[in-house]
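Participant: Below you'll find protein.pdb; it's PDB, C-alpha atoms, pLDDT in the B column.
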ATOM      1  CA  MET A  29      93.429 117.879  50.821  1.00 51.00           C
ATOM      2  CA  SER A  30      96.121 119.653  52.774  1.00 62.00           C
ATOM      3  CA  VAL A  31      95.225 121.713  55.797  1.00 78.00           C
ATOM      4  CA  ASN A  32      97.275 124.868  56.320  1.00 91.00           C
ATOM      5  CA  ASP A  33      96.173 125.295  59.920  1.00 94.00           C
ATOM      6  CA  PRO A  34      95.846 121.858  61.574  1.00 94.00           C
ATOM      7  CA  LEU A  35      95.036 123.298  65.020  1.00 96.00           C
ATOM      8  CA  GLY A  36      92.409 125.666  63.579  1.00 96.00           C
ATOM      9  CA  ASP A  37      90.947 122.680  61.733  1.00 96.00           C
ATOM     10  CA  MET A  38      90.608 120.691  64.984  1.00 97.00           C
ATOM     11  CA  LEU A  39      88.999 123.629  66.814  1.00 96.00           C
ATOM     12  CA  THR A  40      86.533 124.082  63.940  1.00 96.00           C
ATOM     13  CA  ARG A  41      85.674 120.373  64.041  1.00 97.00           C
ATOM     14  CA  ILE A  42      84.967 120.668  67.786  1.00 96.00           C
ATOM     15  CA  ARG A  43      82.857 123.820  67.252  1.00 95.00           C
ATOM     16  CA  ASN A  44      80.848 122.218  64.416  1.00 96.00           C
ATOM     17  CA  ALA A  45      80.285 118.947  66.290  1.00 96.00           C
ATOM     18  CA  GLN A  46      78.973 120.852  69.301  1.00 94.00           C
ATOM     19  CA  MET A  47      76.564 122.867  67.156  1.00 94.00           C
ATOM     20  CA  ARG A  48      75.214 119.533  65.895  1.00 95.00           C
ATOM     21  CA  GLY A  49      75.020 118.140  69.447  1.00 95.00           C
ATOM     22  CA  LYS A  50      77.474 115.312  68.726  1.00 96.00           C
ATOM     23  CA  SER A  51      79.105 113.498  71.661  1.00 96.00           C
ATOM     24  CA  VAL A  52      82.292 112.510  69.815  1.00 97.00           C
ATOM     25  CA  VAL A  53      84.361 114.163  67.071  1.00 97.00           C
ATOM     26  CA  ALA A  54      87.409 112.834  65.201  1.00 97.00           C
ATOM     27  CA  SER A  55      90.497 114.845  64.241  1.00 96.00           C
ATOM     28  CA  PRO A  56      93.817 113.728  62.751  1.00 96.00           C
ATOM     29  CA  ALA A  57      96.459 113.198  65.430  1.00 95.00           C
ATOM     30  CA  SER A  58      99.531 115.382  65.931  1.00 95.00           C
ATOM     31  CA  ALA A  59     101.756 116.284  68.869  1.00 95.00           C
ATOM     32  CA  LEU A  60     100.527 119.902  69.040  1.00 96.00           C
ATOM     33  CA  ARG A  61      96.866 118.842  68.905  1.00 96.00           C
ATOM     34  CA  ALA A  62      97.520 116.329  71.693  1.00 97.00           C
ATOM     35  CA  ARG A  63      98.997 119.054  73.906  1.00 97.00           C
ATOM     36  CA  VAL A  64      96.078 121.431  73.240  1.00 97.00           C
ATOM     37  CA  LEU A  65      93.592 118.621  73.998  1.00 97.00           C
ATOM     38  CA  GLU A  66      95.506 117.945  77.224  1.00 97.00           C
ATOM     39  CA  VAL A  67      94.941 121.578  78.318  1.00 96.00           C
ATOM     40  CA  LEU A  68      91.237 121.421  77.319  1.00 96.00           C
ATOM     41  CA  LEU A  69      90.923 118.224  79.362  1.00 97.00           C
ATOM     42  CA  SER A  70      92.704 119.604  82.442  1.00 96.00           C
ATOM     43  CA  GLU A  71      90.569 122.773  82.304  1.00 95.00           C
ATOM     44  CA  GLY A  72      87.388 120.684  82.097  1.00 95.00           C
ATOM     45  CA  TYR A  73      86.249 121.670  78.582  1.00 95.00           C
ATOM     46  CA  ILE A  74      86.180 118.131  77.144  1.00 96.00           C
ATOM     47  CA  ARG A  75      85.424 114.713  78.654  1.00 97.00           C
ATOM     48  CA  GLY A  76      88.540 113.151  77.195  1.00 97.00           C
ATOM     49  CA  TYR A  77      90.228 111.953  74.040  1.00 97.00           C
ATOM     50  CA  GLU A  78      91.943 108.837  72.781  1.00 97.00           C
ATOM     51  CA  LYS A  79      94.171 108.074  69.851  1.00 96.00           C
ATOM     52  CA  LYS A  80      92.883 105.534  67.323  1.00 96.00           C
ATOM     53  CA  PRO A  81      95.010 104.041  64.545  1.00 94.00           C
ATOM     54  CA  THR A  82      94.077 104.854  60.936  1.00 91.00           C
ATOM     55  CA  ALA A  83      94.915 103.235  57.602  1.00 90.00           C
ATOM     56  CA  ASN A  84      97.456 105.928  56.661  1.00 88.00           C
ATOM     57  CA  GLY A  85      99.385 105.396  59.901  1.00 88.00           C
ATOM     58  CA  GLN A  86      98.933 108.944  61.207  1.00 90.00           C
ATOM     59  CA  GLY A  87      96.206 108.013  63.662  1.00 94.00           C
ATOM     60  CA  GLU A  88      93.355 110.213  64.776  1.00 96.00           C
ATOM     61  CA  PHE A  89      92.025 111.557  68.040  1.00 97.00           C
ATOM     62  CA  GLU A  90      88.518 110.674  69.103  1.00 97.00           C
ATOM     63  CA  ILE A  91      87.497 113.649  71.220  1.00 97.00           C
ATOM     64  CA  SER A  92      84.618 113.196  73.695  1.00 97.00           C
ATOM     65  CA  LEU A  93      82.738 116.486  73.993  1.00 97.00           C
ATOM     66  CA  LYS A  94      81.234 117.727  77.225  1.00 96.00           C
ATOM     67  CA  TYR A  95      77.753 119.173  77.712  1.00 95.00           C
ATOM     68  CA  TYR A  96      76.155 120.743  80.777  1.00 93.00           C
ATOM     69  CA  GLU A  97      72.340 120.698  80.967  1.00 93.00           C
ATOM     70  CA  GLY A  98      72.202 120.103  77.221  1.00 91.00           C
ATOM     71  CA  GLU A  99      74.454 123.069  76.377  1.00 93.00           C
ATOM     72  CA  PRO A 100      78.034 122.626  75.135  1.00 94.00           C
ATOM     73  CA  VAL A 101      80.612 123.437  77.832  1.00 94.00           C
ATOM     74  CA  ILE A 102      82.721 125.231  75.205  1.00 94.00           C
ATOM     75  CA  ARG A 103      80.672 128.321  74.325  1.00 92.00           C
ATOM     76  CA  GLU A 104      83.281 129.895  72.130  1.00 92.00           C
ATOM     77  CA  VAL A 105      86.672 128.836  70.776  1.00 94.00           C
ATOM     78  CA  LYS A 106      88.763 131.333  68.822  1.00 93.00           C
ATOM     79  CA  ARG A 107      92.064 130.891  67.020  1.00 95.00           C
ATOM     80  CA  VAL A 108      94.340 133.794  68.011  1.00 95.00           C
ATOM     81  CA  SER A 109      97.686 133.017  66.378  1.00 95.00           C
ATOM     82  CA  LYS A 110      97.203 131.975  62.756  1.00 93.00           C
ATOM     83  CA  PRO A 111      99.724 130.646  60.225  1.00 94.00           C
ATOM     84  CA  GLY A 112      99.701 134.018  58.432  1.00 93.00           C
ATOM     85  CA  ARG A 113      99.931 136.076  61.598  1.00 95.00           C
ATOM     86  CA  ARG A 114     101.581 134.667  64.693  1.00 96.00           C
ATOM     87  CA  VAL A 115     100.722 136.313  68.015  1.00 96.00           C
ATOM     88  CA  TYR A 116     103.335 136.244  70.784  1.00 96.00           C
ATOM     89  CA  MET A 117     102.985 137.723  74.245  1.00 96.00           C
ATOM     90  CA  GLY A 118     105.246 138.177  77.208  1.00 95.00           C
ATOM     91  CA  VAL A 119     104.052 136.873  80.563  1.00 95.00           C
ATOM     92  CA  LYS A 120     102.955 140.396  81.620  1.00 93.00           C
ATOM     93  CA  ASP A 121     100.822 140.868  78.473  1.00 92.00           C
ATOM     94  CA  ILE A 122      98.807 137.626  78.601  1.00 89.00           C
ATOM     95  CA  PRO A 123      95.159 138.774  78.711  1.00 81.00           C
ATOM     96  CA  SER A 124      92.536 137.107  80.860  1.00 86.00           C
ATOM     97  CA  VAL A 125      89.654 135.663  78.842  1.00 88.00           C
ATOM     98  CA  ARG A 126      86.201 136.846  79.957  1.00 85.00           C
ATOM     99  CA  ASN A 127      87.575 138.051  83.303  1.00 83.00           C
ATOM    100  CA  GLY A 128      89.105 134.673  84.051  1.00 75.00           C
ATOM    101  CA  LEU A 129      86.051 132.603  83.061  1.00 86.00           C
ATOM    102  CA  GLY A 130      87.791 131.469  79.881  1.00 91.00           C
ATOM    103  CA  VAL A 131      91.249 130.154  79.094  1.00 95.00           C
ATOM    104  CA  SER A 132      93.995 131.133  76.673  1.00 95.00           C
ATOM    105  CA  ILE A 133      96.056 128.209  75.446  1.00 96.00           C
ATOM    106  CA  ILE A 134      99.675 129.254  75.027  1.00 96.00           C
ATOM    107  CA  SER A 135     102.636 127.489  73.447  1.00 97.00           C
ATOM    108  CA  THR A 136     105.600 128.346  75.676  1.00 97.00           C
ATOM    109  CA  PRO A 137     109.211 127.166  75.830  1.00 97.00           C
ATOM    110  CA  LYS A 138     108.051 124.999  78.758  1.00 97.00           C
ATOM    111  CA  GLY A 139     105.285 123.363  76.706  1.00 96.00           C
ATOM    112  CA  VAL A 140     101.666 124.073  75.816  1.00 97.00           C
ATOM    113  CA  MET A 141      99.707 125.354  78.822  1.00 97.00           C
ATOM    114  CA  SER A 142      96.795 127.465  79.989  1.00 96.00           C
ATOM    115  CA  ASP A 143      97.234 131.193  80.601  1.00 95.00           C
ATOM    116  CA  ALA A 144      97.097 130.688  84.390  1.00 95.00           C
ATOM    117  CA  ASN A 145      99.835 128.049  84.295  1.00 96.00           C
ATOM    118  CA  ALA A 146     101.949 130.252  82.014  1.00 96.00           C
ATOM    119  CA  ARG A 147     101.673 133.131  84.504  1.00 95.00           C
ATOM    120  CA  ALA A 148     102.555 130.757  87.360  1.00 96.00           C
ATOM    121  CA  ALA A 149     105.580 129.449  85.421  1.00 97.00           C
ATOM    122  CA  ASN A 150     106.421 133.075  84.496  1.00 97.00           C
ATOM    123  CA  VAL A 151     106.694 132.369  80.758  1.00 97.00           C
ATOM    124  CA  GLY A 152     105.145 133.964  77.705  1.00 96.00           C
ATOM    125  CA  GLY A 153     104.810 132.486  74.239  1.00 96.00           C
ATOM    126  CA  GLU A 154     102.557 132.077  71.233  1.00 96.00           C
ATOM    127  CA  VAL A 155      98.858 132.487  72.065  1.00 96.00           C
ATOM    128  CA  LEU A 156      97.303 129.589  70.125  1.00 97.00           C
ATOM    129  CA  CYS A 157      93.629 130.091  70.971  1.00 96.00           C
ATOM    130  CA  THR A 158      91.105 131.216  73.575  1.00 94.00           C
ATOM    131  CA  VAL A 159      88.303 129.055  74.929  1.00 94.00           C
ATOM    132  CA  PHE A 160      85.236 130.218  76.832  1.00 90.00           C
TER     133      PHE A 160
END
Represent the structure of the file as structure tokens.
Facilitator:
Amino acid sequence: MSVNDPLGDMLTRIRNAQMRGKSVVASPASALRARVLEVLLSEGYIRGYEKKPTANGQGEFEISLKYYEGEPVIREVKRVSKPGRRVYMGVKDIPSVRNGLGVSIISTPKGVMSDANARAANVGGEVLCTVF
């Protein structure tokens, strides 16, 4: 089975695992996914992740989900830029998610980063997803 939207697939796996109350979820490894997980980790939305080898040689990430008082820390994760419709924004247009309570993850020329870091670095880019 080929996945047209690997990042959307990983976010859906995280969302589904949290609805089931799972502590760990697996997702195939890729450089973009690693960078998005790095932002989720630095913003405190996941406990961590590690790369495990697989038979096909691609490897997969084992993502440790985070809960607070039994509730998932990630309340909502939405894909903004999709393969069929890319969404780019200049640094001035980057919206704040839930009045700053959430985070937009943006792919910029300086790497994948949170909306706050993108504003600080004064770069815009492709808005990959929002997390709240």
Participant: Would you list the contacts of Val131 in chain A as number ranges by chain, taking every protein, DNA or RNA residue within 9 Å and counting all atoms listed in the file, but skipping same-chain residues closer than 3 positions in sequence?
Facilitator: A: 68, 71, 124-126, 128, 142-144, 157-160
Participant: Only C-alpha atoms, please: the residues just picked out, written as a PDB file, in the frame of the given file.
Facilitator:
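Result saved to out_12.pdb:
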ATOM      1  CA  LEU A  68      91.237 121.421  77.319  1.00 96.00           C
ATOM      2  CA  GLU A  71      90.569 122.773  82.304  1.00 95.00           C
ATOM      3  CA  SER A 124      92.536 137.107  80.860  1.00 86.00           C
ATOM      4  CA  VAL A 125      89.654 135.663  78.842  1.00 88.00           C
ATOM      5  CA  ARG A 126      86.201 136.846  79.957  1.00 85.00           C
ATOM      6  CA  GLY A 128      89.105 134.673  84.051  1.00 75.00           C
ATOM      7  CA  SER A 142      96.795 127.465  79.989  1.00 96.00           C
ATOM      8  CA  ASP A 143      97.234 131.193  80.601  1.00 95.00           C
ATOM      9  CA  ALA A 144      97.097 130.688  84.390  1.00 95.00           C
ATOM     10  CA  CYS A 157      93.629 130.091  70.971  1.00 96.00           C
ATOM     11  CA  THR A 158      91.105 131.216  73.575  1.00 94.00           C
ATOM     12  CA  VAL A 159      88.303 129.055  74.929  1.00 94.00           C
ATOM     13  CA  PHE A 160      85.236 130.218  76.832  1.00 90.00           C
TER      14      PHE A 160
END
Participant: If you count all atoms listed in the file, which residues fall within 9 Å of Ser135 in chain A, apart from same-chain ones fewer than 2 positions away, as a VMD selection string?
Facilitator: chain A and resid 64 133 137 to 142 152 to 156
Participant: Can you write just those residues out, C-alpha atoms, as an mmCIF file, keeping the file's coordinate frame?
Facilitator:
data_model
loop_
_atom_site.group_PDB
_atom_site.id
_atom_site.type_symbol
_atom_site.label_atom_id
_atom_site.label_comp_id
_atom_site.auth_asym_id
_atom_site.auth_seq_id
_atom_site.Cartn_x
_atom_site.Cartn_y
_atom_site.Cartn_z
ATOM 1 C CA VAL A 64 96.078 121.431 73.240
ATOM 2 C CA ILE A 133 96.056 128.209 75.446
ATOM 3 C CA PRO A 137 109.211 127.166 75.830
ATOM 4 C CA LYS A 138 108.051 124.999 78.758
ATOM 5 C CA GLY A 139 105.285 123.363 76.706
ATOM 6 C CA VAL A 140 101.666 124.073 75.816
ATOM 7 C CA MET A 141 99.707 125.354 78.822
ATOM 8 C CA SER A 142 96.795 127.465 79.989
ATOM 9 C CA GLY A 152 105.145 133.964 77.705
ATOM 10 C CA GLY A 153 104.810 132.486 74.239
ATOM 11 C CA GLU A 154 102.557 132.077 71.233
ATOM 12 C CA VAL A 155 98.858 132.487 72.065
ATOM 13 C CA LEU A 156 97.303 129.589 70.125
#
Participant: Report, in Å to a single decimal, how far apart CA of Tyr116 in chain A and CA of Ala149 in chain A are.
Facilitator: 16.3 Å
Participant: Once the PyMOL selection byres ((chain A and resi 77-83) around 12) has been evaluated on this model, what residues remain selected, and can you format them as JSON, numbers by chain?
Facilitator: {"A": [42, 51, 52, 53, 54, 55, 56, 57, 58, 59, 61, 62, 63, 64, 65, 66, 67, 68, 69, 70, 73, 74, 75, 76, 84, 85, 86, 87, 88, 89, 90, 91, 92, 93, 94]}
Participant: Work out how far apart CA of Ile134 in chain A and CA of Leu60 in chain A are and give it in Å to one decimal.
Facilitator: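 Taking CA of Ile134 in chain A as the start and CA of Leu60 in chain A as the end point, the length is 11.1 Å.
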Participant: Using the partial input, fill out range 141-159 of chain A with N, CA and C atoms; write the result as a JSON list (two decimals), in the frame of the given file.
Facilitator:
[["chain", "number", "residue", "atom", "x", "y", "z"],
["A", 141, "MET", "N", 100.39, 125.26, 77.53],
["A", 141, "MET", "CA", 99.71, 125.35, 78.82],
["A", 141, "MET", "C", 98.64, 126.43, 78.81],
["A", 142, "SER", "N", 97.84, 126.44, 79.87],
["A", 142, "SER", "CA", 96.80, 127.46, 79.99],
["A", 142, "SER", "C", 97.44, 128.79, 80.41],
["A", 143, "ASP", "N", 96.69, 129.88, 80.24],
["A", 143, "ASP", "CA", 97.23, 131.19, 80.60],
["A", 143, "ASP", "C", 97.61, 131.26, 82.08],
["A", 144, "ALA", "N", 96.81, 130.65, 82.95],
["A", 144, "ALA", "CA", 97.10, 130.69, 84.39],
["A", 144, "ALA", "C", 98.40, 129.97, 84.70],
["A", 145, "ASN", "N", 98.60, 128.79, 84.07],
["A", 145, "ASN", "CA", 99.84, 128.05, 84.30],
["A", 145, "ASN", "C", 101.04, 128.79, 83.73],
["A", 146, "ALA", "N", 100.86, 129.49, 82.61],
["A", 146, "ALA", "CA", 101.95, 130.25, 82.01],
["A", 146, "ALA", "C", 102.36, 131.39, 82.95],
["A", 147, "ARG", "N", 101.35, 132.06, 83.55],
["A", 147, "ARG", "CA", 101.67, 133.13, 84.50],
["A", 147, "ARG", "C", 102.40, 132.55, 85.71],
["A", 148, "ALA", "N", 101.94, 131.39, 86.19],
["A", 148, "ALA", "CA", 102.56, 130.76, 87.36],
["A", 148, "ALA", "C", 104.00, 130.36, 87.05],
["A", 149, "ALA", "N", 104.23, 129.87, 85.82],
["A", 149, "ALA", "CA", 105.58, 129.45, 85.42],
["A", 149, "ALA", "C", 106.41, 130.65, 84.96],
["A", 150, "ASN", "N", 105.77, 131.84, 84.91],
["A", 150, "ASN", "CA", 106.42, 133.07, 84.50],
["A", 150, "ASN", "C", 107.02, 132.99, 83.09],
["A", 151, "VAL", "N", 106.23, 132.42, 82.15],
["A", 151, "VAL", "CA", 106.69, 132.37, 80.76],
["A", 151, "VAL", "C", 105.61, 132.90, 79.83],
["A", 152, "GLY", "N", 106.05, 133.52, 78.75],
["A", 152, "GLY", "CA", 105.14, 133.96, 77.70],
["A", 152, "GLY", "C", 105.29, 133.00, 76.54],
["A", 153, "GLY", "N", 104.68, 133.35, 75.41],
["A", 153, "GLY", "CA", 104.81, 132.49, 74.24],
["A", 153, "GLY", "C", 103.78, 132.83, 73.19],
["A", 154, "GLU", "N", 103.51, 131.87, 72.30],
["A", 154, "GLU", "CA", 102.56, 132.08, 71.23],
["A", 154, "GLU", "C", 101.15, 131.75, 71.73],
["A", 155, "VAL", "N", 100.24, 132.70, 71.63],
["A", 155, "VAL", "CA", 98.86, 132.49, 72.06],
["A", 155, "VAL", "C", 98.15, 131.72, 70.94],
["A", 156, "LEU", "N", 97.89, 130.43, 71.16],
["A", 156, "LEU", "CA", 97.30, 129.59, 70.12],
["A", 156, "LEU", "C", 95.82, 129.87, 69.95],
["A", 157, "CYS", "N", 95.07, 129.86, 71.07],
["A", 157, "CYS", "CA", 93.63, 130.09, 70.97],
["A", 157, "CYS", "C", 93.06, 130.47, 72.32],
["A", 158, "THR", "N", 91.82, 130.94, 72.33],
["A", 158, "THR", "CA", 91.10, 131.22, 73.58],
["A", 158, "THR", "C", 89.85, 130.36, 73.58],
["A", 159, "VAL", "N", 89.49, 129.89, 74.77],
["A", 159, "VAL", "CA", 88.30, 129.06, 74.93],
["A", 159, "VAL", "C", 87.46, 129.65, 76.04]]
